[in-house]
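A quick write-up on the structure given underneath.
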Amino acid sequence: MGKSGVSILGDTGAFPFKHRIKDLVSYELSLPSKYDLDLKRLCLFHKKDFNRLSEEQKQKLLNHHPVVIKI
């Protein structure tokens, strides 16, 4: 296709909707922080969903991602 990389938008909203917050944190932390290919990965959290996490869970996720943007 002539493309040189991949962009992925990951909407995490299904996890809180299904009451699977622990699974969300485990899943996010199981993914590598960096990949050996041209990959742009955006993990999207709704503010209310993110606020449902414990402070420890929030900190783990924030530390795991190389860049964090709060809007």
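Chains: A, B, ... in order of the structure tokens. Residues: from 1 per chain. Ligands: from 1, in order shown.
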
Quick check for you: according to DSSP on this backbone, which residues of chain A are classed as strand (DSSP E)? Reply as a short mmCIF file (atom, residue, chain, number, x, y, z; two decimals) with C-alpha atoms, in the first residue's frame.
```cif
data_model
loop_
_atom_site.label_atom_id
_atom_site.label_comp_id
_atom_site.auth_asym_id
_atom_site.auth_seq_id
_atom_site.Cartn_x
_atom_site.Cartn_y
_atom_site.Cartn_z
CA VAL A 6 0.77 2.20 11.52
CA SER A 7 -1.41 4.36 13.77
CA ILE A 8 -3.64 2.76 16.39
CA LEU A 9 -6.36 4.49 18.41
CA GLY A 10 -7.34 2.40 21.43
CA ASP A 11 -10.59 3.39 23.12
CA LEU A 39 3.93 2.73 15.22
CA LYS A 40 1.87 5.52 16.71
CA ARG A 41 -0.37 4.24 19.52
CA LEU A 42 -2.92 6.39 21.32
CA CYS A 43 -4.74 5.01 24.35
CA LEU A 44 -7.90 7.03 24.86
#
```

Fewer than 4 positions away in the same chain doesn't count, so skip those; otherwise give me all residues within 12 Å of A:His64, counting only C-alpha atoms, as a PyMOL selection string. chain A and resi 25-34+43+57-60+68

Selection above as a file: C-alpha atoms, as a compact mmCIF listing (two decimals), in the first residue's frame:
```txt
# COMPACT_ATOMS: atom_id res chain seq x y z
CA VAL A 25 -4.86 -1.92 33.93
CA SER A 26 -3.39 -5.41 33.42
CA TYR A 27 -3.91 -5.17 29.65
CA GLU A 28 -2.36 -1.71 29.38
CA LEU A 29 0.66 -2.71 31.45
CA SER A 30 1.15 -5.89 29.39
CA LEU A 31 1.75 -3.84 26.23
CA PRO A 32 5.27 -2.67 25.46
CA SER A 33 6.06 1.01 26.08
CA LYS A 34 8.05 1.07 22.83
CA CYS A 43 -4.74 5.01 24.35
CA GLN A 57 -3.59 2.45 39.01
CA LYS A 58 -3.51 5.94 37.53
CA GLN A 59 0.16 6.37 38.40
CA LYS A 60 1.11 2.98 36.96
CA VAL A 68 0.69 11.65 28.37
```

Long-range neighbours of A:Ile71 as number ranges by chain, 12 Å cut-off, only C-alpha atoms, 5 positions minimum in chain: A: 44-47

Mind giving me the straight-line distance from atom CA of A:Thr12 to atom CA of A:Asp49 in Å, one decimal?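 Value for the atom CA of A:Thr12-atom CA of A:Asp49 distance: 8.7 Å.
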
As a list in words, please: the residues near A:Phe15 (cut-off 6 Å, only C-alpha atoms, same-chain neighbours under 5 positions excluded).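 In the requested format, the answer is Arg20, Ile21 and Leu24 of chain A.
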
If you keep C-alpha atoms, can you produce a file of those selected residues as a PDB file, in the first residue's frame?
```pdb
ATOM      1  CA  ARG A  20     -13.389  -4.673  34.247  1.00  0.00           C
ATOM      2  CA  ILE A  21     -11.064  -1.958  35.563  1.00  0.00           C
ATOM      3  CA  LEU A  24      -7.890  -2.723  31.775  1.00  0.00           C
TER       4      LEU A  24
END
```

For the structure I just gave you, how does DSSP split chain A - specifically, which residues are helix (DSSP H, G or I)? Reply as a VMD selection string. chain A and resid 14 to 17 21 to 30 47 to 50 55 to 64
